[in-house]
Amino acid sequence: GTPAVREGAPVTLTIDGRQVTVPEGTSVMRAAAEIGGAIPKLCATDTVAAYGSCRMCLVEIEGQRGTPASCTTPVRPGMVVQTQTPRLEKLRRGVMELYISDHPLDCLTCSANNDCELQDTAAQVGLRDVRYGYAGANHLDAPVDASNPYFDFDPAKCIVCSRCVRACEEVQGTFALTIEGRGFDAKVSAGLASDTFLGSECVSCGACVAACPTATLNEKAVKDIGKPERAVITTCAYCGVGCTFRAE
Ligand code: FES
């Protein structure tokens, strides 16, 4: 998902040499998605308000200094945006390198393997090397919070994108989660009083689990028995051969 489609007066801009017209107030990221452009992202979804924290979605805008986050930058008429320059690719790889230097490398045995946005985005930006090693891995020794009967919270896998915090507030209207600390010490916390999900204001709605891009918030059932089969097998009704389709 990318930040949601807006309603408003039409605005025409150019993204990677292609013209696109979208309603006023739409983000540059969403406008790019409308013409098939997939700007790398980690903290944006189409269900919670854009936050601009992960810095993966940086773009270049003609006449503007710096590289703003496309998820929080609204379109302007006549804007000329580049989303895939060598400079942007290098910046994104650099940011991803920092994320991976601070993340456990247990992908093969992780329950989110092949269903992990961090993994997908690392591949999308072409990360091949982590020059800082992995020694900075943060919260690795922090215990998994397994207090909730339905899901676990593993701080070692958290990239502090705040998608869970925003989902809790915006989707569920509960304020069970917060981000504590800064920099490497930053962590998602389930309330200052109890420090566990079970003792917090959490109502177990699962909005945070659905929003998590990694295996930080993980349904216990998924962990134990694997991902649910989301594919649907259909038999084509066009002729009598009986070909089957697999729709994901
Ligand atoms: Fe834009 Fe994270 S997706 S800063």
# chains A, B, ... in the order shown; residues from 1 in each chain; ligands from 1
call {"tool": "residues_near_ligand", "arguments": {"ligand": "ligand 1", "cutoff": "12 Å", "atoms": "only C-alpha atoms and all ligand atoms", "output": "PyMOL selection string"}}
result
chain A and resi 1-3+27-30+38-46+48-59+67-74+92+95-96+117-118+121+159-163+213
call {"tool": "residues_around", "arguments": {"residues": "A:Arg87", "least_positions_apart": "2", "cutoff": "12 Å", "atoms": "only C-alpha atoms", "output": "PDB file with N, CA and C atoms, in the first residue's frame"}}
result
ATOM      1  N   LEU A  58      12.736   8.485  -0.637  1.00  0.00           N
ATOM      2  CA  LEU A  58      13.244   9.785  -1.052  1.00  0.00           C
ATOM      3  C   LEU A  58      13.155   9.962  -2.563  1.00  0.00           C
ATOM      4  N   VAL A  59      12.871  11.190  -2.991  1.00  0.00           N
ATOM      5  CA  VAL A  59      12.812  11.512  -4.427  1.00  0.00           C
ATOM      6  C   VAL A  59      13.537  12.840  -4.669  1.00  0.00           C
ATOM      7  N   GLU A  60      13.778  13.141  -5.930  1.00  0.00           N
ATOM      8  CA  GLU A  60      14.331  14.447  -6.303  1.00  0.00           C
ATOM      9  C   GLU A  60      13.226  15.239  -6.983  1.00  0.00           C
ATOM     10  N   GLY A  66      17.609  19.108  -1.611  1.00  0.00           N
ATOM     11  CA  GLY A  66      17.437  17.914  -0.782  1.00  0.00           C
ATOM     12  C   GLY A  66      16.643  16.834  -1.485  1.00  0.00           C
ATOM     13  N   THR A  67      16.330  15.815  -0.716  1.00  0.00           N
ATOM     14  CA  THR A  67      15.596  14.679  -1.251  1.00  0.00           C
ATOM     15  C   THR A  67      14.425  14.396  -0.309  1.00  0.00           C
ATOM     16  N   GLN A  82      11.842  13.023  -9.978  1.00  0.00           N
ATOM     17  CA  GLN A  82      12.612  11.838 -10.378  1.00  0.00           C
ATOM     18  C   GLN A  82      12.594  10.865  -9.212  1.00  0.00           C
ATOM     19  N   THR A  83      12.306   9.603  -9.491  1.00  0.00           N
ATOM     20  CA  THR A  83      12.257   8.632  -8.386  1.00  0.00           C
ATOM     21  C   THR A  83      13.384   7.594  -8.442  1.00  0.00           C
ATOM     22  N   GLN A  84      14.127   7.566  -9.558  1.00  0.00           N
ATOM     23  CA  GLN A  84      15.112   6.482  -9.704  1.00  0.00           C
ATOM     24  C   GLN A  84      16.440   6.994 -10.262  1.00  0.00           C
ATOM     25  N   THR A  85      17.076   7.932  -9.602  1.00  0.00           N
ATOM     26  CA  THR A  85      18.377   8.397 -10.090  1.00  0.00           C
ATOM     27  C   THR A  85      19.486   7.627  -9.365  1.00  0.00           C
ATOM     28  N   GLU A  89      19.289   5.952  -5.625  1.00  0.00           N
ATOM     29  CA  GLU A  89      19.521   4.515  -5.416  1.00  0.00           C
ATOM     30  C   GLU A  89      20.608   4.307  -4.364  1.00  0.00           C
ATOM     31  N   LYS A  90      21.641   5.147  -4.418  1.00  0.00           N
ATOM     32  CA  LYS A  90      22.727   5.026  -3.452  1.00  0.00           C
ATOM     33  C   LYS A  90      22.241   5.375  -2.040  1.00  0.00           C
ATOM     34  N   LEU A  91      21.444   6.452  -1.962  1.00  0.00           N
ATOM     35  CA  LEU A  91      20.922   6.854  -0.647  1.00  0.00           C
ATOM     36  C   LEU A  91      20.054   5.751  -0.049  1.00  0.00           C
ATOM     37  N   ARG A  92      19.191   5.167  -0.872  1.00  0.00           N
ATOM     38  CA  ARG A  92      18.289   4.121  -0.357  1.00  0.00           C
ATOM     39  C   ARG A  92      19.069   2.889   0.081  1.00  0.00           C
ATOM     40  N   ARG A  93      20.090   2.540  -0.702  1.00  0.00           N
ATOM     41  CA  ARG A  93      20.896   1.377  -0.300  1.00  0.00           C
ATOM     42  C   ARG A  93      21.594   1.655   1.027  1.00  0.00           C
ATOM     43  N   GLY A  94      22.054   2.904   1.188  1.00  0.00           N
ATOM     44  CA  GLY A  94      22.736   3.286   2.426  1.00  0.00           C
ATOM     45  C   GLY A  94      21.803   3.183   3.627  1.00  0.00           C
TER      46      GLY A  94
END
call {"tool": "closest_residue", "arguments": {"among": "A:Ala211, A:Val203, A:Ala122, A:Leu88", "to": "A:Val165", "atoms": "only C-alpha atoms"}}
result
A:Ala211
call {"tool": "select_by_dssp", "arguments": {"residues": "stretch 35-232 of chain A", "states": "alpha helix (DSSP H)", "output": "ChimeraX atom specification"}}
result
/A:86-101,117-124,163-166,207-211,220-225
call {"tool": "residues_around", "arguments": {"residues": "A:Ala207", "least_positions_apart": "5", "cutoff": "9 Å", "atoms": "only C-alpha atoms", "output": "list in words"}}
result
Cys164, Ala167, Cys168, Val171, Gln172 and Cys212 of chain A
call {"tool": "write_last_selection", "arguments": {"atoms": "N, CA, C and O atoms", "output": "mmCIF file, in the first residue's frame"}}
result
data_model
loop_
_atom_site.group_PDB
_atom_site.id
_atom_site.type_symbol
_atom_site.label_atom_id
_atom_site.label_comp_id
_atom_site.auth_asym_id
_atom_site.auth_seq_id
_atom_site.Cartn_x
_atom_site.Cartn_y
_atom_site.Cartn_z
ATOM 1 N N CYS A 164 2.640 -0.015 13.592
ATOM 2 C CA CYS A 164 1.779 -0.613 14.618
ATOM 3 C C CYS A 164 1.189 0.457 15.523
ATOM 4 O O CYS A 164 0.012 0.396 15.890
ATOM 5 N N ALA A 167 -1.459 2.198 13.532
ATOM 6 C CA ALA A 167 -2.635 1.334 13.317
ATOM 7 C C ALA A 167 -3.462 1.254 14.596
ATOM 8 O O ALA A 167 -4.693 1.303 14.562
ATOM 9 N N CYS A 168 -2.799 1.137 15.722
ATOM 10 C CA CYS A 168 -3.492 1.064 17.009
ATOM 11 C C CYS A 168 -4.339 2.321 17.216
ATOM 12 O O CYS A 168 -5.513 2.248 17.579
ATOM 13 N N VAL A 171 -6.634 2.892 13.325
ATOM 14 C CA VAL A 171 -7.555 1.839 12.886
ATOM 15 C C VAL A 171 -8.440 1.419 14.053
ATOM 16 O O VAL A 171 -9.649 1.273 13.922
ATOM 17 N N GLN A 172 -7.833 1.257 15.214
ATOM 18 C CA GLN A 172 -8.581 0.734 16.361
ATOM 19 C C GLN A 172 -9.050 1.830 17.316
ATOM 20 O O GLN A 172 -9.989 1.632 18.063
ATOM 21 N N CYS A 212 2.403 -4.675 10.660
ATOM 22 C CA CYS A 212 3.848 -4.878 10.848
ATOM 23 C C CYS A 212 4.517 -5.381 9.564
ATOM 24 O O CYS A 212 4.078 -6.372 8.984
#
call {"tool": "select_by_dssp", "arguments": {"residues": "stretch 32-210 of chain A", "states": "strand (DSSP E or B)", "output": "list of chain:residue names"}}
result
A:Leu58, A:Glu60, A:Ile61, A:Ala69, A:Pro74, A:Val80, A:Val81, A:Gln82, A:Asp145, A:Phe151, A:Asp152, A:Phe153, A:Thr178, A:Ile179, A:Glu180, A:Lys187, A:Val188, A:Ser189
call {"tool": "closest_residue", "arguments": {"among": "A:Asn148, A:Ser101, A:Ser200, A:Thr26", "to": "A:Phe175", "atoms": "only C-alpha atoms"}}
result
A:Ser200
call {"tool": "closest_residue", "arguments": {"among": "A:Ala31, A:Gly181, A:Asn114, A:Tyr99", "to": "A:Gly133", "atoms": "only C-alpha atoms"}}
result
A:Tyr99
call {"tool": "closest_residue", "arguments": {"among": "A:Ser147, A:Gln119, A:Thr14, A:Ser111", "to": "A:Thr196", "atoms": "only C-alpha atoms"}}
result
A:Ser147
call {"tool": "residues_around", "arguments": {"residues": "A:Phe153", "least_positions_apart": "3", "cutoff": "7 Å", "atoms": "only C-alpha atoms", "output": "VMD selection string"}}
result
chain A and resid 144 to 146 216 to 218
